[in-house]
Structures are given as structure tokens and as C-alpha cells.
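Here's the structure we're looking at; comments come further down.
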Amino acid sequence: MLGKLALAGIKNRRRDYLVLLVGLTMSAAIFYMFANLATNQAFIKANAVVSQAAIIFGFGAVLLILITIVYIMYANSFLLSMRQHDYGLFMMLGATRKRVGELVFLETLILGTLATAVGIVLGLLMSQFLVGLLLDMLGLHLAHLSAFYLPAVIATAVLYVGLFILASLFNLVRLTRTTVLKLLHTDEQANQPKIHPFRQMVSAVLGVLFLAIGYWALAAIKTLQVSAIPVALVTITIGTYLLFRATILVIIQGLRRTKWAKKHLNGFLLGQLNFRVYNYTRMLTIVSLLFAMALGAITVGSGYHRQLPMMANSLGTYTVAIHDKNAQEQKLIDQLNVKHQATYTQKRQGKVVYYNTAELKRQPFELNRGTTEAKYRTHPAYYSESLAKFKKSGSQSLDFLSLAIRSEQGFYAPQFLNAKQFAKQRGKTVTVTTVRVKSMNQDKAVLKHLNKLELQRFAQPSAMTVGNYQSFELMSAFFGGLEFMGYFLGIAFLAMLASCLMFKILSGAPGDKQRYQMLYKIGVRQNLMRHGIAKEIGILFLIPGIMGVIDVLFGLQMFKPLMQSPMSPYLGIGSIFAIFIGLYAIYYVITLLLYWRIVLPKAPAD
């Protein structure tokens with residue numbers, strides 16, 4: 001009987017519960033994808049970058065679990081707010097608290113189990129397609145990354161079903177301690193916060209101080225090392241909470257005294273925020289931090305992706321070196337956007353390689369200041385030396401020595417002969433063509449093919465590389481995993497933070513419904529109410545967004561030591577911010593549409 005009643009209740013409110021189910025399903029799917037990466041030992045061991053980042057995965061897993069707990073807490077609050085009036089009516093009609101409590105427990109568990117099951121299936125599909133698409137976009141190939149991984153399925157099912165059992169018990173206890181009258185009129189209770197000037201001032205000062213400490217810790221990561229992250233996380237969280245608690249209410253009270261508050265529904269809007277924001281302080285703090293983490297993760301991932309060619313170009317003077325090029329390789333070279341190209345003839349005998357000085361005079365071997373001077377690492381500067389100077393010092397550069405790598409014994413010793421001496425010199429003759437392209441990213445496919453052919457024909461020691469493209473591939477293997485984690489965590493955090501805020505706002509919608517019905521009865525147009533709601537929810541989305549952007553701008557300081565130049569973490573930040581804010585705005589629009597549907601009274605049919 002209880003099962004039928006629970007299913008009937010879910011069916012009657014299926015439209016409202018569909019929103020909850022979609023959010024919970026996405027949450028479970030995201031958690032499954034992350035658990036698949038975090039628990040797949042074969043995947044971690046097979047990819048060097050991932051094994052190096054085991055601490056990051058562990059930290060991310062714990063953080064994601066904490067976010068999931070908060071997320072389910074607010075989703076559960078939304079679920080309970082939708083039905084508590086009905087539960088009160090059941091008690092008035094004679095149902096015992098125990099039976100109503102069992103009904104609540106069953107409804108919550110059914111929704112949670114359904115969301116978990118669908119979420120795991122969706123997570124499998126997303127792991128198969130979305131993760132693969134992301135890896136292809138980044139040009140990464142990570143081994144042993146399969147869509148289905150049983151330990152991840154078990155971990156997701158145990159966590160979510162366990163959390164929903166706890167949520168069901170929480171609802172049961174809450175209902176048994178709540179009177180019938182309070183259940184029926186819970187949405188009509190007002191909460192008028194008070195301002196204490198001295199407390200507000202102290203809270204604001206402490207908030208700024210804690211934020212300053214957190215931002216300093218991120219900038220001083222070289223000194224504090226790993227301890228900088230927990231220090232910053234704790235101090236920025238406390239500082240954001242104190243600052244929100246001290247300033248938001250004061251700003252709202254100040255706006256209520258302005259002429260702007262007397263226009264349209266602005267006064268009603270500020271009154272709604274006045275009641276609501278103080279109770280939202282913790283939520284806004286969490287959302288602002290998640291916003292910063294999501295935006296920061298995507299920005300850093302994009303930063304690594306953008307700077308890899310820059311880092312590779314700073315290591316040498318040519319992109320690829322082709323030995324004894326054949327017709328196939330010449331065709332590939334013709335497809336490149338070549339910025340500089342030179343061909344040198346070598347004669348190899350014993351442990352010595354001989355060069356023709358006539359060729360070096362005609363086309364001097366270029367050197368890169370970026371290999372020796374830090375200020376040229378962002379924008380390499382190429383130069384050539386006189387032949388006499390090049391023989392003494394320039395010829396010992398790694399780039400030049402790499403043109404004649406011995407497969408087992410290391411470098412040949414370079415010697416220089418004039419044209420006549422070179423013609424008489426015995427030894428194996430080899431031609432080497434050096435090519436520097438305008439954009440490594442633009443010609444990546446052709447360069448990859450050329451490099452593959454070169455390695456097949458002339459095997460090189462694994463510890464050495466010939467050309468910046470090979471350096472680019474080595475760095476991609478190392479930093480590529482960090483890029484992937486940045487994008488992946490950013491998307492996961494964005495989905496969860498926006499969903500948490502959405503459910504927190506929607507959980508108060510049933511109580512607001514009566515207020516908008518009263519406005520409608522006294523003649524307020526629906527169009528005016530829509531604009532007022534759009535402003536109110538927009539402010540609730542805007543507050544954590546602004547704080548999150550500030551946190552990111554300071555937080556990116558911690559990545560300066562890991563990147564090519566002090567400005568590397570901020571490269572392309574405008575486009576990343578625009579894309580992220582666009583996705584954030586989509587959640588705002590979804591929340592707004594759902595809120596309108598719940599609270600706005602329906603116009604009577606003609």
C-alpha cells in the first residue's frame with residue numbers, strides 16, 4: 001500500500017520531480033566518470049602523467065564526495081519542500097507520523113535509487129563518448145581508459161544509495177519532530193534578519209584578512225609548497241563566508257532606501273532578497289568556491305594546452321630534422337607552413353661528424369636565445385653567429401649536436417672542413433634538412449607523420465630528441481593529463497555548483513508561490529512579476545559568480561611556477577571566461593524557467 005502511495009505521489013508531481021531526477025542523474029553520471037578515472041589502477045599505472053598526479057585524483061575524489069553530499073542535501077530539501085504540505089494533510093486525515101514517515105522514506109529512496117541507476121548508465125555513455133571526444137580534442141591517447149569499470153559502478157551505487165538512505169532517515173526524523181500545523185504553514189513563516197553594525201564591521205575586516213591570507217598562500221606556493229592548497233582553501237572559505245555575511249545584507253538595506261527601490265517591483269524584490277540572502281550565505285559561499293574551482297580548472301587546462309607549443313619552441317631552433325629525406329617526406333615537407341628551412345651535408349666516420357664550412361657560410365645554423373635566456377622563453381629569438389665563433393661555442397649547442405645522434409654511443413664530435421677537404425674526406429654521407437614551422441598546432445598532423453617516419457628509419461635513444469616537435473610530444477604526454485583533469489574537473493564542478501544553487505532556489509519556490517498570487521490578485525501584471533523574478537534570481541547567481549572570478553584571478557598565481565612565463569596562466573582567459581559564463585547562464589535560464597512555472601499564477605481561461 002505504501003509503495004503504491006509513494007509511486008502515486010511521484011507520478012502526480014512527475015514534472016517537478018523530473019527536474020530533481022535530471023539533476024541527480026547528472027550528478028551520479030559525473031561522479032561515475034570521475035570514479036572511473038580515480039579508481040582504475042590499470043589506467044593510472046599505464047599513463048605516467050596520471051600516476052604522477054595520484055595526489056590530485058585523491059584530493060579531487062574527496063572534494064567531489066563533499067560536493068555530492070552538499071548537492072544531495074539541497075536536492076533533498078527541494079524534495080521535502082514539494083511534499084511537506086501534503087504530508088501535513090495526511091496527518092490531519094488520520095495518518096500516523098510513523099506511516100507518513102515511512103512514506104517519506106520510501107519516496108526519497110525510490111527517487112534516489114532511480115537517479116543512481118540512470119546516472120550510472122548515463123555515466124557509462126558519457127565515459128564512452130564525451131571523455132573520448134575531450135581526449136581527441138586535446139590530442140591525447142590514454143591507455144586502459146574503458147567506459148565500464150566495475151569498482152567505479154560499485155563506488156557510485158554505494159555512495160549515492162547510502163546518501164539517499166541517510167537523507168530518507170533525516171526526512172523521517174524531521175517529520176516526526178514537526179507539528180502538523182507547522183507542516184501546513186511552514187512556507188508562511190518569515191525570517192527578518194537584523195543588522196548589528198559593530199558585528200558587521202568586524203566580520204568584514206576578518207573576511208578581507210582571511211581572503212588576503214588565502215590569496216597570499218596561493219601566490220607563495222613556491223615557499224609553502226603543498227601546504228599552500230589547504231591553507232588557501234580554509235582561509236578563502238572562511239573569508240568569503242564572513243564577507244558575504246557582513247556586506248550583502250547591508251547593501252540590500254541601503255538599496256531599500258534609494259529611489260530605485262520605489263520603481264516597479266524593486267521594493268518587493270529587495271524584500272525577498274532581504275529575507276532570503278542571509279539564509280543563503282553558506283550556499284553562496286560554497287557556490288562561489290565551486291565556481292572558482294570550476295573556472296580555474298578549465299582555465300589552467302586551457303593554459304597548459306596553449307603553452308605547450310610555446311614551451312617546445314623555446315627548447316631549440318628547428319621543429320623537425322629529416323635525415324636523407326625521400327620523396328614521401330619531401331611531399332610532407334611541402335605541406336608545411338615553413339618559416340625557415342636549411343639543408344646540411346654530413347660525413348660520419350668513427351666518432352666524428354664533418355661539416356662543410358661553405359654550406360654553413362651560405363646558410364648559417366641558427367641558435368635560439370630561449371635555450372639560454374629566460375626572457376626569450378615566451379617569444380624565442382633566433383640569431384646566427386660568425387663561423388669562427390660558431391666553431392668555438394655555437395657548435396656545442398644541443399640542437400646542433402642532435403643532428404648527428406649516435407643510436408648507442410651518444411653524440412658525434414663535430415669538425416669543420418673547407419669545401420676541398422670535405423670533398424676528399426671519407427665517411428658515410430648524410431644530408432640533414434632542418435625545418436621550422438610557423439605554427440606547430442596548425443601543422444601537427446603532418447609533423448606527427450614526418451616524425452613517425454623519421455623514427456622508423458633512424459631509431460633514436462629514448463632519452464634524446466631531434467627537433468622541437470619531439471619535445472612537444474614528450475611534454476604533451478606529461479602535461480596532457482593535467483589538461484584533461486582541468487577540463488574534466490571544471491565541467492564536473494560547474495554542473496554541480498549550478499545544480500546546488502538551482503535546487504536551493506527552487507526549494508523556496510513553494511513558499512513564494514502565495515506571495516506572487518497575492519501580487520496577481522491586487523493587479524500586478526505577470527510580465528512585471530517575470531522581470532522581478534529574473535532580477536532576483538540573477539542577483540543570486542551573480543553574487544557567487546563575481547566572487548568566483550576574483551578567486552580565480554588571484555588563484556592562478558599558484559600556477560606561475562609550472563608554466564612558461566608569469567602571464568601563461570592568464571593566456572586566453574577572456575575566451576575561457578566567456579564560454580564558462582555562457583554555460584553558467586544556461587543554468588540561470590533553466591532555474592528561471594522552472595521558478596516561473598512553479599510560482600507564477602496561471603491566467604484564467606477566457
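As shown in the C-alpha cells, the chain order sets the letters A, B, ...; within each chain, residues go from 1, and ligands are also counted from 1 in the order they appear.
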
Enumerate, in order of chain and increasing residue number, the residues of region 281-392 of chain A with an atom no farther than 9 Å from region 539-553 of chain A, each with its shortest atom pair and distance in Å to one decimal, counting only C-alpha atoms, as CSV.
```
residue,atom,partner,partner_atom,distance
A:Leu284,CA,A:Pro544,CA,5.7
A:Thr285,CA,A:Pro544,CA,6.9
A:Ile286,CA,A:Pro544,CA,8.4
A:Val287,CA,A:Pro544,CA,6.0
A:Ser288,CA,A:Pro544,CA,4.1
A:Leu289,CA,A:Gly548,CA,6.1
A:Leu290,CA,A:Gly548,CA,7.7
A:Phe291,CA,A:Gly548,CA,5.2
A:Ala292,CA,A:Gly548,CA,4.2
A:Met293,CA,A:Val552,CA,7.5
A:Leu295,CA,A:Val552,CA,7.0
A:Gly296,CA,A:Val552,CA,5.5
A:Thr299,CA,A:Val552,CA,8.8
```

Can you list, as a list in words, every residue of region 305-391 of chain A that DSSP puts in strand (DSSP E or B)?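 Those in region 305-391 of chain A that DSSP calls strand (DSSP E or B) are Val320, Ala321, Ile322, His323, Val338, Lys339, His340, Gln341, Ala342, Thr343, Tyr344, Thr345, Gln346, Lys347, Arg348, Gln349, Val352, Val353, Tyr354, Tyr355, Asn356, Leu367, Asn368, Tyr382 and Tyr383 of chain A.
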
Contact residues around Ser471 (chain A) with only C-alpha atoms at 10 Å, ignoring same-chain residues under 4 positions, as a PyMOL selection string: chain A and resi 308-309+311-313+315-316+319+464-467+475-477

Shell of 12 Å around Tyr520 (chain A), only C-alpha atoms, local chain residues under 4 positions omitted, as a VMD selection string: chain A and resid 513 to 516 524 to 530 599 to 604

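Comparing A:Asn468, A:Leu360, A:Ser384, A:Lys420 by their smallest distance to Thr317 (chain A), the closest is A:Asn468 (using only C-alpha atoms).
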
Which neighbours of Ala342 (chain A) fall inside 9 Å, counting only C-alpha atoms, when residues of the same chain fewer than 3 positions from it are skipped, and could you give them as a ChimeraX atom specification? /A:363-365,432-435

Could you find all residues in region 149-305 of chain A that DSSP calls alpha helix (DSSP H) from the backbone, and write them as a PyMOL selection string? chain A and resi 150-176+180-185+197-219+221-224+228-255+266-276+281-305

Near region 256-261 of chain A, within 12 Å and counting only C-alpha atoms, which residues show up once chain neighbours fewer than 4 positions away are dropped, as a list of chain:residue names? A:Leu249, A:Val250, A:Ile251, A:Ile252, A:Leu265, A:Asn266, A:Gly267, A:Phe268, A:Leu269, A:Leu270, A:Gly271, A:Gln272, A:Leu273, A:Asn274, A:Gly532

Using only C-alpha atoms for the distances, tell me which of A:Tyr149, A:Phe503, A:Phe559, A:Trp216 is nearest to Tyr595 (chain A).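 Going through A:Tyr149, A:Phe503, A:Phe559, A:Trp216 one by one, the smallest distance to Tyr595 (chain A) is for A:Phe503.
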
Residues within 7 Å of Thr108 (chain A), please, as number ranges by chain. Count only C-alpha atoms; anything in the same chain fewer than 4 positions from it doesn't count. A: 104, 112, 164, 168

Could you check the closest approach to Glu366 (chain A) for each of A:Phe400, A:Gln415, A:Lys391, A:Val352 and tell me which residue wins, using only C-alpha atoms?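 Answer, going by the shortest atom-to-atom distance: A:Phe400.
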
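Considering only C-alpha atoms, the residue among A:Gln200, A:Gly303, A:Met73, A:Gln557 positioned nearest to Ile576 (chain A) is A:Gly303.
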
From the options A:Leu332, A:Lys424, A:Ala327, A:Met33, which residue's atoms come nearest to Ala445 (chain A), counting only C-alpha atoms? A:Leu332

What separation in Å, quoted to one decimal, exists between CA of Met518 (chain A) and CA of Leu501 (chain A)? 26.2 Å

Selected residue of minimal separation from Ile322 (chain A) among A:Ile154, A:Ala578, A:Leu453, A:Ile213, counting only C-alpha atoms: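 Among the listed residues, the smallest separation from Ile322 (chain A) belongs to A:Leu453.
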
CA of Ile298 (chain A) and CA of Phe244 (chain A), how far apart in Å?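 The value is 25.4 Å.
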